[in-house]
Amino acid sequence: MLRKLHILFFAVLLVGLTTCNGRLYARPKHRPTYDATQAQFNHLKAELEAGLGEEMQRLFPEGYFFSYVLYGLSAVNVGLNEPDLQTKTFLLEEARWAYEKLDSPAGYAAFPRNLSTEHGIFYNGWMNYLLSGILLLQDGDLNDAELARYKRESAEIAQAIAQSETPFLQSYSGQAWPVDMYPAMVSLKAMSQLTGEETYERLIADWLAETQQYLDPATGLIPHRTEPFADSGRATSQTLIVWFLAELDPELADETYRKFREQFVTRRLGIPAVREFPQGDNRPGDVDSGPLITGVSLSATVVMLGAARMNGDDALATAIYQEGEAGGWPFSWQGKRKYGLGVLPIGEAFLLWTQTARPWLAQIGMPQIGMSQIGLANEAPAVGFSWPWWWRLPTHGISLLLLWMIRPRSKRT
């Protein structure tokens, strides 16, 4: 009986490791349509309707907000790729549904009032970013009420920036994280594409120039936090900064991305990983980073997939995608696709957002294109990015060694 159990265990492990190693060669979905992502949307929508937002809010301060905003942003990402008008309209309604959930007492309850923007720049910036995406999905035939609100919210953000002594507005009373400004600034830049009015181009250029006066001297990057104290550049904020910076200023984004990649992207047994702190800084994790494993932030590594794709680093984006397919153990059941046995849906929300990452805005100076073709200006691959060809070999070797060590032996006679 023990021998039979041993053989069964070996067979199960063999199948599992073979599947895991095979998924290291999964082909990433570039510009995925709804057909390719529907099962993931189905799973997340069911989780949200079952109370995912409220559950995540009990775990971290922006849990409810991120649960819905990532769903809405993913709907925009996929909708901008979608050729079928009916499906695109469905995704537009899903993005609107997420926006409405956030435009409610439950959505802004965690954020203080009476800051320079009504509920702080984290809330208002991400909300306006999502709203700009909802408008971009409308292919020029814009909803009057949504456009009016977008213009009003954009004007309030721009006024707060103009009146601020620093380029970084507060997210909470006396607390400022520079990363929270970046989705807000992309939402302002969308104005020229949506209306043809270059209302905020000068403001954005001046703001970007001013941010360069606040670089962390240790990393040469935007600091993670500026109020009530200054912190060094960190991966959980930098992955988002370089993501949005690619829309704001591609040249500055390329310079920033390369500095960040050199200092924070690493390998663990060949597998791509992103350190929360730069090399030599071994601080433990906190509420922003979550738990760290040998200094690696799992959340930053997931977001790095989208950041790499936005900056033309297809080699790294592909490796991280394949890592997720191998280690995340995705499976589909009854029209739903889950990762990690579905035990952390908020992680799956981040994963869907990064897997569907794409530019929203056409770059200035490029030929005018239809709204459904937004972002083609950023398709050219960047120069000089690579990932070692052998990165999968340690996983293959460890898998073979493990199988050899526990292989069933022949019965002795």
# chains A, B, ... in the order shown; residues from 1 in each chain; ligands from 1
call {"tool": "residues_around", "arguments": {"residues": "A:Gln159", "least_positions_apart": "3", "cutoff": "12 Å", "atoms": "only C-alpha atoms", "output": "PDB file with C-alpha atoms, in the first residue's frame"}}
result
ATOM      1  CA  SER A 116      -6.907  70.478  -2.111  1.00  0.00           C
ATOM      2  CA  THR A 117      -9.049  68.010  -4.070  1.00  0.00           C
ATOM      3  CA  ARG A 152     -15.131  69.772 -14.075  1.00  0.00           C
ATOM      4  CA  GLU A 153     -12.989  67.223 -12.233  1.00  0.00           C
ATOM      5  CA  SER A 154     -10.006  67.947 -14.490  1.00  0.00           C
ATOM      6  CA  ALA A 155     -10.297  71.664 -13.838  1.00  0.00           C
ATOM      7  CA  GLU A 156     -10.374  71.092 -10.074  1.00  0.00           C
ATOM      8  CA  ALA A 162      -1.409  75.341  -9.776  1.00  0.00           C
ATOM      9  CA  GLN A 163      -1.985  76.439  -6.184  1.00  0.00           C
ATOM     10  CA  SER A 164       0.234  73.821  -4.554  1.00  0.00           C
ATOM     11  CA  PRO A 167       4.040  69.052  -7.363  1.00  0.00           C
ATOM     12  CA  LEU A 169      -0.817  66.842  -3.682  1.00  0.00           C
ATOM     13  CA  LEU A 188      -5.536  65.606 -17.809  1.00  0.00           C
ATOM     14  CA  TYR A 200      -3.395  71.133 -19.911  1.00  0.00           C
ATOM     15  CA  LEU A 203       0.613  72.424 -17.057  1.00  0.00           C
TER      16      LEU A 203
END
call {"tool": "residues_around", "arguments": {"residues": "A:Tyr99", "least_positions_apart": "6", "cutoff": "10 Å", "atoms": "only C-alpha atoms", "output": "ChimeraX atom specification"}}
result
/A:65,68-69,71-73,93,107,127-128,130-131,134
call {"tool": "write_last_selection", "arguments": {"atoms": "N, CA and C atoms", "output": "short mmCIF file (atom, residue, chain, number, x, y, z; two decimals), in the first residue's frame"}}
result
data_model
loop_
_atom_site.label_atom_id
_atom_site.label_comp_id
_atom_site.auth_asym_id
_atom_site.auth_seq_id
_atom_site.Cartn_x
_atom_site.Cartn_y
_atom_site.Cartn_z
N PHE A 65 -11.49 50.38 -2.97
CA PHE A 65 -11.27 51.19 -4.16
C PHE A 65 -10.55 50.39 -5.25
N TYR A 68 -12.53 47.65 -7.28
CA TYR A 68 -13.41 48.10 -8.35
C TYR A 68 -12.68 48.84 -9.45
N VAL A 69 -11.71 49.70 -9.09
CA VAL A 69 -11.07 50.50 -10.13
C VAL A 69 -10.26 49.61 -11.08
N TYR A 71 -10.95 46.55 -11.94
CA TYR A 71 -11.92 45.91 -12.82
C TYR A 71 -12.32 46.89 -13.93
N GLY A 72 -12.63 48.13 -13.55
CA GLY A 72 -13.02 49.11 -14.55
C GLY A 72 -11.91 49.44 -15.53
N LEU A 73 -10.67 49.59 -15.04
CA LEU A 73 -9.55 49.88 -15.92
C LEU A 73 -9.27 48.73 -16.87
N GLU A 93 -20.12 49.52 -20.36
CA GLU A 93 -21.06 49.48 -19.25
C GLU A 93 -20.42 48.87 -18.00
N GLY A 107 -17.30 54.08 -1.71
CA GLY A 107 -16.10 54.31 -2.51
C GLY A 107 -15.18 55.35 -1.92
N MET A 127 -10.05 58.23 -10.04
CA MET A 127 -11.42 58.34 -10.55
C MET A 127 -11.46 59.08 -11.88
N ASN A 128 -10.71 60.17 -11.98
CA ASN A 128 -10.71 60.91 -13.24
C ASN A 128 -10.02 60.13 -14.35
N LEU A 130 -10.09 56.80 -14.63
CA LEU A 130 -11.10 55.83 -15.08
C LEU A 130 -12.16 56.52 -15.93
N LEU A 131 -12.58 57.71 -15.52
CA LEU A 131 -13.59 58.44 -16.29
C LEU A 131 -13.07 58.80 -17.68
N ILE A 134 -13.44 55.75 -19.76
CA ILE A 134 -14.84 55.55 -20.14
C ILE A 134 -15.19 56.42 -21.35
#
call {"tool": "select_by_dssp", "arguments": {"residues": "stretch 200-265 of chain A", "states": "alpha helix (DSSP H)", "output": "PyMOL selection string"}}
result
chain A and resi 201-211+235-248+250-264
call {"tool": "write_last_selection", "arguments": {"atoms": "N, CA and C atoms", "output": "short mmCIF file (atom, residue, chain, number, x, y, z; two decimals), in the first residue's frame"}}
result
data_model
loop_
_atom_site.label_atom_id
_atom_site.label_comp_id
_atom_site.auth_asym_id
_atom_site.auth_seq_id
_atom_site.Cartn_x
_atom_site.Cartn_y
_atom_site.Cartn_z
N GLU A 201 -1.66 70.88 -21.61
CA GLU A 201 -0.34 70.45 -22.09
C GLU A 201 0.78 71.21 -21.39
N ARG A 202 0.64 72.53 -21.25
CA ARG A 202 1.68 73.32 -20.59
C ARG A 202 1.77 72.99 -19.12
N LEU A 203 0.62 72.80 -18.47
CA LEU A 203 0.61 72.42 -17.06
C LEU A 203 1.35 71.10 -16.85
N ILE A 204 1.09 70.13 -17.71
CA ILE A 204 1.73 68.83 -17.59
C ILE A 204 3.23 68.95 -17.78
N ALA A 205 3.66 69.69 -18.79
CA ALA A 205 5.09 69.85 -19.05
C ALA A 205 5.79 70.53 -17.88
N ASP A 206 5.17 71.58 -17.34
CA ASP A 206 5.76 72.27 -16.19
C ASP A 206 5.79 71.36 -14.96
N TRP A 207 4.73 70.59 -14.78
CA TRP A 207 4.68 69.68 -13.63
C TRP A 207 5.77 68.63 -13.72
N LEU A 208 5.95 68.04 -14.89
CA LEU A 208 7.00 67.04 -15.06
C LEU A 208 8.38 67.63 -14.79
N ALA A 209 8.61 68.84 -15.27
CA ALA A 209 9.90 69.49 -15.03
C ALA A 209 10.12 69.73 -13.55
N GLU A 210 9.06 70.12 -12.85
CA GLU A 210 9.19 70.39 -11.42
C GLU A 210 9.46 69.11 -10.64
N THR A 211 8.86 68.00 -11.05
CA THR A 211 9.08 66.74 -10.31
C THR A 211 10.55 66.33 -10.32
N ALA A 235 9.74 50.09 -5.33
CA ALA A 235 9.17 49.42 -6.49
C ALA A 235 7.65 49.53 -6.56
N THR A 236 6.95 49.48 -5.41
CA THR A 236 5.49 49.51 -5.48
C THR A 236 4.98 50.82 -6.06
N SER A 237 5.73 51.89 -5.93
CA SER A 237 5.34 53.14 -6.57
C SER A 237 5.99 53.30 -7.94
N GLN A 238 7.24 52.89 -8.09
CA GLN A 238 7.94 53.10 -9.36
C GLN A 238 7.32 52.31 -10.50
N THR A 239 6.82 51.11 -10.26
CA THR A 239 6.20 50.34 -11.34
C THR A 239 5.00 51.10 -11.91
N LEU A 240 4.26 51.78 -11.05
CA LEU A 240 3.13 52.58 -11.52
C LEU A 240 3.59 53.87 -12.18
N ILE A 241 4.61 54.49 -11.60
CA ILE A 241 5.11 55.75 -12.16
C ILE A 241 5.59 55.55 -13.59
N VAL A 242 6.40 54.51 -13.84
CA VAL A 242 6.91 54.32 -15.20
C VAL A 242 5.80 53.86 -16.14
N TRP A 243 4.78 53.22 -15.61
CA TRP A 243 3.61 52.86 -16.42
C TRP A 243 2.95 54.12 -16.97
N PHE A 244 2.59 55.06 -16.07
CA PHE A 244 1.88 56.26 -16.49
C PHE A 244 2.79 57.26 -17.20
N LEU A 245 4.06 57.27 -16.83
CA LEU A 245 4.99 58.19 -17.45
C LEU A 245 5.14 57.91 -18.94
N ALA A 246 4.96 56.65 -19.34
CA ALA A 246 5.02 56.31 -20.76
C ALA A 246 3.96 57.05 -21.57
N GLU A 247 2.84 57.39 -20.94
CA GLU A 247 1.79 58.16 -21.61
C GLU A 247 2.09 59.67 -21.57
N LEU A 248 2.74 60.11 -20.51
CA LEU A 248 2.96 61.54 -20.32
C LEU A 248 4.15 62.07 -21.10
N PRO A 250 7.24 60.02 -23.25
CA PRO A 250 7.96 58.78 -23.57
C PRO A 250 9.47 58.88 -23.38
N GLU A 251 10.07 60.03 -23.68
CA GLU A 251 11.52 60.15 -23.52
C GLU A 251 11.91 60.10 -22.05
N LEU A 252 11.23 60.85 -21.21
CA LEU A 252 11.51 60.80 -19.78
C LEU A 252 11.19 59.42 -19.23
N ALA A 253 10.14 58.81 -19.74
CA ALA A 253 9.76 57.47 -19.29
C ALA A 253 10.87 56.47 -19.60
N ASP A 254 11.46 56.56 -20.77
CA ASP A 254 12.52 55.63 -21.14
C ASP A 254 13.72 55.78 -20.22
N GLU A 255 14.10 57.01 -19.94
CA GLU A 255 15.23 57.26 -19.03
C GLU A 255 14.93 56.74 -17.63
N THR A 256 13.73 57.02 -17.13
CA THR A 256 13.35 56.60 -15.79
C THR A 256 13.22 55.09 -15.71
N TYR A 257 12.61 54.51 -16.72
CA TYR A 257 12.41 53.06 -16.72
C TYR A 257 13.75 52.33 -16.68
N ARG A 258 14.72 52.78 -17.44
CA ARG A 258 16.02 52.11 -17.48
C ARG A 258 16.72 52.19 -16.12
N LYS A 259 16.64 53.34 -15.47
CA LYS A 259 17.24 53.46 -14.14
C LYS A 259 16.55 52.53 -13.15
N PHE A 260 15.24 52.49 -13.22
CA PHE A 260 14.49 51.62 -12.31
C PHE A 260 14.80 50.16 -12.58
N ARG A 261 14.79 49.75 -13.82
CA ARG A 261 15.03 48.35 -14.17
C ARG A 261 16.40 47.89 -13.69
N GLU A 262 17.40 48.76 -13.87
CA GLU A 262 18.77 48.40 -13.49
C GLU A 262 18.91 48.19 -11.98
N GLN A 263 18.19 48.97 -11.19
CA GLN A 263 18.37 48.93 -9.74
C GLN A 263 17.42 48.00 -9.01
N PHE A 264 16.28 47.68 -9.60
CA PHE A 264 15.26 46.95 -8.87
C PHE A 264 14.90 45.59 -9.45
#
call {"tool": "residues_around", "arguments": {"residues": "A:Leu400", "least_positions_apart": "3", "cutoff": "12 Å", "atoms": "only C-alpha atoms", "output": "compact mmCIF listing (two decimals) with C-alpha atoms, in the first residue's frame"}}
result
# COMPACT_ATOMS: atom_id res chain seq x y z
CA LEU A 13 4.02 15.47 -8.94
CA LEU A 14 5.21 14.50 -12.41
CA LEU A 17 5.83 19.79 -12.59
CA THR A 18 5.45 19.00 -16.29
CA ASN A 21 7.47 23.82 -16.72
CA LEU A 393 16.82 26.34 -16.82
CA PRO A 394 17.04 26.53 -12.99
CA THR A 395 13.33 25.66 -12.74
CA HIS A 396 13.79 22.76 -15.15
CA GLY A 397 16.83 21.54 -13.24
CA LEU A 403 11.59 13.92 -9.50
CA TRP A 404 14.81 11.93 -9.44
CA MET A 405 15.04 12.12 -5.64
CA ILE A 406 11.53 10.79 -5.01
CA ARG A 407 11.28 8.42 -7.97
call {"tool": "residues_around", "arguments": {"residues": "stretch 28-39 of chain A", "least_positions_apart": "6", "cutoff": "7 Å", "atoms": "only C-alpha atoms", "output": "MDAnalysis selection string"}}
result
chainID A and resid 78 81:82 318 321 335:337 356
call {"tool": "write_last_selection", "arguments": {"atoms": "C-alpha atoms", "output": "compact mmCIF listing (two decimals), in the first residue's frame"}}
result
# COMPACT_ATOMS: atom_id res chain seq x y z
CA VAL A 78 -9.80 45.32 -23.36
CA ASN A 81 -8.82 46.41 -28.34
CA GLU A 82 -12.29 45.07 -29.06
CA THR A 318 6.90 38.03 -21.57
CA TYR A 321 3.73 36.64 -17.90
CA GLY A 335 -16.74 29.90 -17.39
CA LYS A 336 -14.43 31.40 -14.76
CA ARG A 337 -10.64 31.51 -14.74
CA THR A 356 -4.24 43.75 -20.57
call {"tool": "residues_around", "arguments": {"residues": "A:Gly16", "least_positions_apart": "3", "cutoff": "12 Å", "atoms": "only C-alpha atoms", "output": "PyMOL selection string"}}
result
chain A and resi 9-13+19-23+326-327+329+399+403
call {"tool": "select_by_dssp", "arguments": {"residues": "stretch 42-257 of chain A", "states": "strand (DSSP E or B)", "output": "VMD selection string"}}
result
chain A and resid 172 175 to 176 216 221 227
call {"tool": "closest_residue", "arguments": {"among": "A:Ser332, A:Ala110, A:Ile157, A:His119", "to": "A:Gln57", "atoms": "only C-alpha atoms"}}
result
A:Ala110
call {"tool": "atom_distance", "arguments": {"atom1": "atom CA of A:Phe66", "atom2": "atom CA of A:Ile346"}}
result
7.9 Å
call {"tool": "residues_around", "arguments": {"residues": "A:Ser289", "least_positions_apart": "6", "cutoff": "8 Å", "atoms": "only C-alpha atoms", "output": "PyMOL selection string"}}
result
chain A and resi 236+276+297+299-300
call {"tool": "atom_distance", "arguments": {"atom1": "atom CA of A:Leu44", "atom2": "atom CA of A:Thr354"}}
result
14.5 Å
call {"tool": "closest_residue", "arguments": {"among": "A:Lys338, A:Arg58, A:Arg358, A:Arg392", "to": "A:Ala319", "atoms": "only C-alpha atoms"}}
result
A:Arg392
call {"tool": "residues_around", "arguments": {"residues": "A:Leu92", "least_positions_apart": "4", "cutoff": "9 Å", "atoms": "only C-alpha atoms", "output": "short mmCIF file (atom, residue, chain, number, x, y, z; two decimals) with C-alpha atoms, in the first residue's frame"}}
result
data_model
loop_
_atom_site.label_atom_id
_atom_site.label_comp_id
_atom_site.auth_asym_id
_atom_site.auth_seq_id
_atom_site.Cartn_x
_atom_site.Cartn_y
_atom_site.Cartn_z
CA GLY A 72 -13.02 49.11 -14.55
CA ALA A 75 -12.58 46.78 -19.03
CA VAL A 76 -11.21 49.94 -20.68
CA GLY A 79 -12.54 47.56 -24.78
CA THR A 87 -18.92 43.65 -26.94
CA LYS A 88 -17.22 47.03 -26.71
CA ARG A 96 -19.31 52.56 -15.83
CA TRP A 97 -20.55 50.04 -13.25
CA ILE A 134 -14.84 55.55 -20.14
CA LEU A 135 -14.95 58.53 -22.50
CA LEU A 137 -14.25 53.97 -25.16
CA GLN A 138 -17.07 56.00 -26.68
#
call {"tool": "closest_residue", "arguments": {"among": "A:Ala362, A:Val343, A:Ala349, A:Val296", "to": "A:Asn42", "atoms": "only C-alpha atoms"}}
result
A:Ala349
call {"tool": "closest_residue", "arguments": {"among": "A:Leu351, A:Val265, A:Ala317, A:Leu80", "to": "A:Val302", "atoms": "only C-alpha atoms"}}
result
A:Leu351
call {"tool": "closest_residue", "arguments": {"among": "A:Pro291, A:Gly328, A:Gly384, A:Pro359", "to": "A:Arg275", "atoms": "only C-alpha atoms"}}
result
A:Pro291
call {"tool": "decode", "arguments": {"residues": "stretch 124-225 of chain A", "atoms": "C-alpha atoms", "output": "compact mmCIF listing (two decimals), in the first residue's frame"}}
result
# COMPACT_ATOMS: atom_id res chain seq x y z
CA ASN A 124 -9.80 61.99 -7.40
CA GLY A 125 -6.85 61.12 -9.63
CA TRP A 126 -7.74 57.47 -10.15
CA MET A 127 -11.42 58.34 -10.55
CA ASN A 128 -10.71 60.91 -13.24
CA TYR A 129 -8.37 58.48 -14.96
CA LEU A 130 -11.10 55.83 -15.08
CA LEU A 131 -13.59 58.44 -16.29
CA SER A 132 -11.25 59.47 -19.09
CA GLY A 133 -11.05 55.81 -20.12
CA ILE A 134 -14.84 55.55 -20.14
CA LEU A 135 -14.95 58.53 -22.50
CA LEU A 136 -12.19 57.12 -24.72
CA LEU A 137 -14.25 53.97 -25.16
CA GLN A 138 -17.07 56.00 -26.68
CA ASP A 139 -15.32 56.54 -30.02
CA GLY A 140 -15.99 60.24 -30.22
CA ASP A 141 -19.76 60.14 -29.57
CA LEU A 142 -19.30 61.31 -25.99
CA ASN A 143 -21.92 61.23 -23.25
CA ASP A 144 -22.65 64.87 -22.37
CA ALA A 145 -23.01 64.33 -18.62
CA GLU A 146 -19.81 62.27 -18.38
CA LEU A 147 -17.88 64.77 -20.47
CA ALA A 148 -19.12 67.66 -18.31
CA ARG A 149 -18.07 65.86 -15.14
CA TYR A 150 -14.69 64.98 -16.63
CA LYS A 151 -14.06 68.61 -17.54
CA ARG A 152 -15.13 69.77 -14.07
CA GLU A 153 -12.99 67.22 -12.23
CA SER A 154 -10.01 67.95 -14.49
CA ALA A 155 -10.30 71.66 -13.84
CA GLU A 156 -10.37 71.09 -10.07
CA ILE A 157 -7.27 68.90 -10.21
CA ALA A 158 -5.45 71.42 -12.41
CA GLN A 159 -6.37 74.29 -10.07
CA ALA A 160 -5.11 72.35 -7.03
CA ILE A 161 -1.80 71.69 -8.80
CA ALA A 162 -1.41 75.34 -9.78
CA GLN A 163 -1.98 76.44 -6.18
CA SER A 164 0.23 73.82 -4.55
CA GLU A 165 3.70 74.61 -3.21
CA THR A 166 4.94 71.17 -4.32
CA PRO A 167 4.04 69.05 -7.36
CA PHE A 168 2.66 66.32 -5.11
CA LEU A 169 -0.82 66.84 -3.68
CA GLN A 170 -1.93 65.08 -0.52
CA SER A 171 -3.84 61.80 -0.60
CA TYR A 172 -4.61 61.94 3.11
CA SER A 173 -4.26 64.79 5.60
CA GLY A 174 -0.55 65.59 5.87
CA GLN A 175 0.42 62.58 3.71
CA ALA A 176 1.61 62.62 0.11
CA TRP A 177 2.75 59.81 -2.17
CA PRO A 178 4.01 61.16 -5.54
CA VAL A 179 2.77 58.08 -7.42
CA ASP A 180 -0.82 59.12 -6.72
CA MET A 181 -0.35 62.12 -9.03
CA TYR A 182 0.42 60.14 -12.17
CA PRO A 183 -3.00 58.70 -13.08
CA ALA A 184 -4.39 62.19 -12.46
CA MET A 185 -1.89 63.71 -14.90
CA VAL A 186 -2.69 61.11 -17.59
CA SER A 187 -6.37 61.95 -17.13
CA LEU A 188 -5.54 65.61 -17.81
CA LYS A 189 -3.55 64.74 -20.91
CA ALA A 190 -6.55 62.82 -22.28
CA MET A 191 -8.37 66.16 -22.65
CA SER A 192 -6.61 67.03 -25.91
CA GLN A 193 -7.49 63.67 -27.43
CA LEU A 194 -11.11 63.74 -26.27
CA THR A 195 -11.94 67.34 -27.14
CA GLY A 196 -9.15 68.61 -29.38
CA GLU A 197 -8.37 71.27 -26.77
CA GLU A 198 -4.76 71.32 -25.54
CA THR A 199 -5.95 72.71 -22.22
CA TYR A 200 -3.40 71.13 -19.91
CA GLU A 201 -0.34 70.45 -22.09
CA ARG A 202 1.68 73.32 -20.59
CA LEU A 203 0.61 72.42 -17.06
CA ILE A 204 1.73 68.83 -17.59
CA ALA A 205 5.09 69.85 -19.05
CA ASP A 206 5.76 72.27 -16.19
CA TRP A 207 4.68 69.68 -13.63
CA LEU A 208 7.00 67.04 -15.06
CA ALA A 209 9.90 69.49 -15.03
CA GLU A 210 9.19 70.39 -11.42
CA THR A 211 9.08 66.74 -10.31
CA GLN A 212 12.69 66.34 -11.46
CA GLN A 213 13.75 68.69 -8.67
CA TYR A 214 12.55 66.15 -6.09
CA LEU A 215 14.45 63.04 -7.24
CA ASP A 216 15.72 60.69 -4.57
CA PRO A 217 19.53 61.15 -4.55
CA ALA A 218 20.14 57.48 -3.78
CA THR A 219 18.27 56.09 -6.80
CA GLY A 220 17.75 59.06 -9.09
CA LEU A 221 14.02 58.26 -9.07
CA ILE A 222 10.86 59.91 -7.80
CA PRO A 223 10.63 59.26 -4.03
CA HIS A 224 8.05 56.85 -2.73
CA ARG A 225 6.74 59.40 -0.24
